[in-house]
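All remarks here apply to the structure that follows.
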Amino acid sequence: MDAASLTAVPTQFTFSGGLQAQSATVSGKDVLVTTSEQTAGTDYTVSVANSVKDTVGGAVVSPNTASFKGFRAGAVLRITEVQPSAASSLDLVELQVVTAGTTAGLLLQQDVNSAVTLATLPDVAVAVGDIIVVHLNGTADSETTAKDQFPTSTTPANYDTAWDFKGGTTGITFSSRVILVRDAQNAIQDAVPFARNSGTPPAAFPGNLQAIQAAGQWLPADCGGEPCTTGSTPTAAAVSADWTNVPTNNATPASDSVRRVSATDTNMAADWAVGAPSWGVANP
Ligand SMILES: [Ca+2]
Ligand SMILES: [Ca+2]
């Protein structure tokens with residue numbers, strides 16, 4: 001883009017909804033336009049005048065408009081409860097809102113390396129303390145307007161005290177796995193390594209644990225000064241939350257889940273234990 005062509009920014013970049021362009025700066029092919037205060041989540045359109053030129057004098061041509069939503073902060077979520085072993089992959093993941101904002105674009109994933117996306121969260125404005133229950137392989141649509149939009153009375157799998165979100169069709173693999181939440185910019189918001197002390201753990205587990213340790217999401221940051229592996233002291237499994245005793249192939253919800261037992265997130269195994277679930281409400 002030719003910065004010299006930006007001679008009257010407020011009239012060259014025009015917006016719907018009363019939004020005003022205040023200034024613009026050029027960086028290569030991009031123009032960064034600063035506007036008057038946007039209303040969070042409002043639908044806007046922007047139009048670019050043909051007086052805006054590229055470096056060889058070519059004007060912006062059709063389409064010269066685009067739509068976008070007014071700036072909104074993204075929500076920050078914490079994983080609070082997991083059911084990894086339900087029949088028919090009807091697994092559940094409960095999340096609690098740490099910072100209010102939109103859940104648009106947040107990803108619930110299994111593992112860091114060769115990640116599997118379990119759910120892409122819908123665009124919902126959530127408040128601090130709100131509880132979200134993600135239903136993997138579920139059939140009910142996500143609630144987007146209220147926590148009781150699809151009430152338990154007509155949708156028995158739902159919780160009237162929580163936002164029920166529809167996840168993808170892939171369930172959690174009940175072996176040793178990392179469950180994590182990524183924001184719309186792909187940064188990890190929360191991550192928990194869960195070990196199943198039964199059978200041979202997947203060879204990828206120590207690498208996934210090491211990845212979230214490196215990202216500052218789990219402690220201890222290493223195992224006795226060395227990378228955590230199946231042979232380190234302590235082992236990768238020993239520093240991870242233990243979900244071995246969650247019942248297998250059970251009804252949804254199962255009699256026990258793996259859930260936080262502390263309101264404080266210390267990023268350590270002791271934050272978690274298997275026991276009575278509290279789906280849709282804050283953990284005791
Ligand atoms: Ca609900
Ligand atoms: Ca709970």
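By convention here, the chains of the structure tokens are called A, B, ... in the order presented, each chain's residues are numbered starting at 1, and ligands are numbered starting at 1 in the order presented.
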
Item checked: Selection: 10 Å around Phe68 in chain A, only C-alpha atoms, excl. self and same-chain fewer than 4 positions, as a ChimeraX atom specification -> /A:41-46

Next item on the list: Could the residues that lie within 8 Å of ligand 2, counting only C-alpha atoms and all ligand atoms, be listed as a PyMOL selection string?
Entry: chain A and resi 80-81+94+131+259+277-284

Any chance you could export the current selection's C-alpha atoms as a short mmCIF file (atom, residue, chain, number, x, y, z; two decimals), in the first residue's frame?
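Final output, saved to result_26.cif:
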data_model
loop_
_atom_site.label_atom_id
_atom_site.label_comp_id
_atom_site.auth_asym_id
_atom_site.auth_seq_id
_atom_site.Cartn_x
_atom_site.Cartn_y
_atom_site.Cartn_z
CA THR A 80 -12.31 -28.09 36.23
CA GLU A 81 -13.71 -31.56 35.60
CA GLU A 94 -16.27 -28.85 32.53
CA ILE A 131 -19.51 -22.91 34.34
CA ARG A 259 -12.01 -32.96 39.09
CA PRO A 277 -18.77 -35.34 40.11
CA SER A 278 -20.31 -31.86 40.28
CA TRP A 279 -21.20 -31.27 36.64
CA GLY A 280 -22.56 -27.85 35.90
CA VAL A 281 -21.73 -26.33 39.29
CA ALA A 282 -18.53 -25.07 40.89
CA ASN A 283 -16.47 -27.82 42.46
CA PRO A 284 -16.75 -28.17 46.24
#

Next item on the list: Set the cut-off to 9 Å, count only C-alpha atoms and all ligand atoms, and list whatever residues fall near ligand 1 as a ChimeraX atom specification.
Entry: /A:132-133,142-143,146-152,155,157-165,280

Take the residues that were just selected and, keeping C-alpha atoms, output them as a compact mmCIF listing (two decimals), in the first residue's frame.
# COMPACT_ATOMS: atom_id res chain seq x y z
CA ILE A 132 -19.39 -24.49 30.88
CA VAL A 133 -20.02 -28.18 30.19
CA SER A 142 -24.87 -25.31 22.06
CA GLU A 143 -26.59 -22.80 24.30
CA ALA A 146 -28.80 -18.36 28.32
CA LYS A 147 -27.62 -21.20 30.56
CA ASP A 148 -31.13 -22.63 30.52
CA GLN A 149 -31.79 -22.03 26.81
CA PHE A 150 -32.17 -25.79 26.36
CA PRO A 151 -33.30 -26.80 29.86
CA THR A 152 -32.78 -30.16 31.51
CA THR A 155 -32.71 -31.84 27.14
CA ALA A 157 -28.09 -34.21 29.31
CA ASN A 158 -27.96 -30.47 30.03
CA TYR A 159 -27.32 -28.55 33.25
CA ASP A 160 -29.48 -25.50 33.93
CA THR A 161 -26.71 -23.85 35.96
CA ALA A 162 -24.13 -24.10 33.15
CA TRP A 163 -23.59 -23.23 29.52
CA ASP A 164 -23.96 -26.54 27.67
CA PHE A 165 -21.81 -26.59 24.55
CA GLY A 280 -22.56 -27.85 35.90

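Candidate residues A:Pro156, A:Ile79, A:Asn250, A:Ser85 were compared for distance to Gln109 in chain A, and the nearest is A:Ile79, using only C-alpha atoms.
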
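Counting only C-alpha atoms, the residue from A:Val178, A:Leu108, A:Leu219, A:Leu92 that sits nearest to Thr252 in chain A is A:Leu92.
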
Margin query: At a cut-off of 7 Å, using only C-alpha atoms, what residues contact Gln189 in chain A? Leave out same-chain residues fewer than 6 positions from it and give the result as a list in words.
Written below: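 Surrounding residues, per the criterion: Val76, Leu77, Val181, Arg182 and Asp183 of chain A.
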
Margin query: Taking only C-alpha atoms into account, name the residue in A:Thr229, A:Ser62, A:Ser175, A:Gln110 that is nearest to Trp243 in chain A.
Written below: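 Checking each candidate against Trp243 in chain A, we get A:Ser175 as the closest.
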
Next item on the list: Just list the residues in range 64-223 of chain A DSSP gives strand (DSSP E or B) on the backbone, as a VMD selection string.
Entry: chain A and resid 65 to 69 74 76 to 83 86 92 to 99 101 to 102 107 to 110 116 to 120 125 to 126 131 to 135 163 to 166 177 to 182 188 to 195 223

Note to self: Under the rule that only C-alpha atoms are counted, which of A:Ser16, A:Thr173, A:Thr39, A:Thr264 is the nearest residue to Gln83 in chain A?
What the structure shows: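 Checking each of A:Ser16, A:Thr173, A:Thr39, A:Thr264 against Gln83 in chain A, counting only C-alpha atoms, the winner is A:Thr173.
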
Next item on the list: Name the residues in contact with range 230-242 of chain A at a cut-off of 7 Å, using only C-alpha atoms, excluding same-chain residues fewer than 6 positions from it; report them as a list in words.
Entry: Pro193, Phe194, Ala195, Arg196, Pro206, Cys223, Gly224, Ala269, Trp272 and Ala273 of chain A

Keeping only C-alpha atoms, write those residues as a short mmCIF file (atom, residue, chain, number, x, y, z; two decimals), in the first residue's frame.
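Saved file selection_29.cif follows:
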data_model
loop_
_atom_site.label_atom_id
_atom_site.label_comp_id
_atom_site.auth_asym_id
_atom_site.auth_seq_id
_atom_site.Cartn_x
_atom_site.Cartn_y
_atom_site.Cartn_z
CA PRO A 193 -1.65 -33.94 32.04
CA PHE A 194 -3.74 -36.94 33.08
CA ALA A 195 -1.97 -40.26 33.63
CA ARG A 196 -3.64 -43.65 33.49
CA PRO A 206 6.08 -37.54 28.09
CA CYS A 223 11.71 -34.28 36.74
CA GLY A 224 14.74 -34.01 38.99
CA ALA A 269 -1.12 -33.01 40.32
CA TRP A 272 -6.91 -33.08 41.05
CA ALA A 273 -8.54 -36.27 42.32
#

Next item on the list: From range 81-251 of chain A, collect each residue whose DSSP state is helix (DSSP H, G or I) and return the set as a list of chain:residue names.
Entry: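 Residues of range 81-251 of chain A classed as helix (DSSP H, G or I): A:Ala87, A:Ser88, A:Ser89, A:Phe205, A:Pro206, A:Gly207, A:Asn208, A:Leu209, A:Gln210, A:Ala211, A:Ile212, A:Gln213, A:Ala214.
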
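With only C-alpha atoms as the atoms that count, the residue of A:Asp123, A:Ala215, A:Gly129, A:Ala115 with the shortest distance to Thr99 in chain A is A:Gly129.
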
Check: At what distance in Å, to one decimal, does CA of Arg72 in chain A lie from CA of Glu37 in chain A?
Finding: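 Separation of CA of Glu37 in chain A and CA of Arg72 in chain A: 11.5 Å.
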
If we count only C-alpha atoms, what is near Leu32 in chain A at a cut-off of 12 Å, once residues fewer than 5 positions away on the same chain are taken out, given as a tab-separated table (two decimals) with N, CA and C atoms, in the first residue's frame?
chain	number	residue	atom	x	y	z
A	1	MET	N	0.84	-1.19	0.00
A	1	MET	CA	0.00	0.00	0.00
A	1	MET	C	0.88	1.25	0.00
A	3	ALA	N	1.43	4.64	1.44
A	3	ALA	CA	1.02	5.46	2.59
A	3	ALA	C	0.67	6.88	2.16
A	6	LEU	N	-2.98	7.96	1.63
A	6	LEU	CA	-3.91	8.16	2.76
A	6	LEU	C	-3.89	9.63	3.15
A	9	VAL	N	-8.06	10.16	5.89
A	9	VAL	CA	-8.45	8.85	6.43
A	9	VAL	C	-9.93	8.76	6.84
A	13	PHE	N	-11.87	5.67	4.79
A	13	PHE	CA	-12.32	4.44	5.45
A	13	PHE	C	-13.60	4.80	6.19
A	21	ALA	N	-13.25	6.52	11.45
A	21	ALA	CA	-11.81	6.29	11.36
A	21	ALA	C	-11.09	7.51	11.90
A	22	GLN	N	-10.06	7.28	12.72
A	22	GLN	CA	-9.33	8.39	13.33
A	22	GLN	C	-7.93	8.53	12.77
A	23	SER	N	-7.31	7.41	12.46
A	23	SER	CA	-5.96	7.46	11.88
A	23	SER	C	-5.70	6.13	11.20
A	24	ALA	N	-4.65	6.10	10.39
A	24	ALA	CA	-4.30	4.86	9.70
A	24	ALA	C	-2.81	4.83	9.47
A	25	THR	N	-2.23	3.64	9.59
A	25	THR	CA	-0.81	3.47	9.29
A	25	THR	C	-0.65	2.29	8.35
A	26	VAL	N	0.33	2.41	7.46
A	26	VAL	CA	0.58	1.38	6.45
A	26	VAL	C	1.76	0.52	6.88
A	27	SER	N	1.59	-0.81	6.71
A	27	SER	CA	2.68	-1.75	6.93
A	27	SER	C	2.63	-2.78	5.82
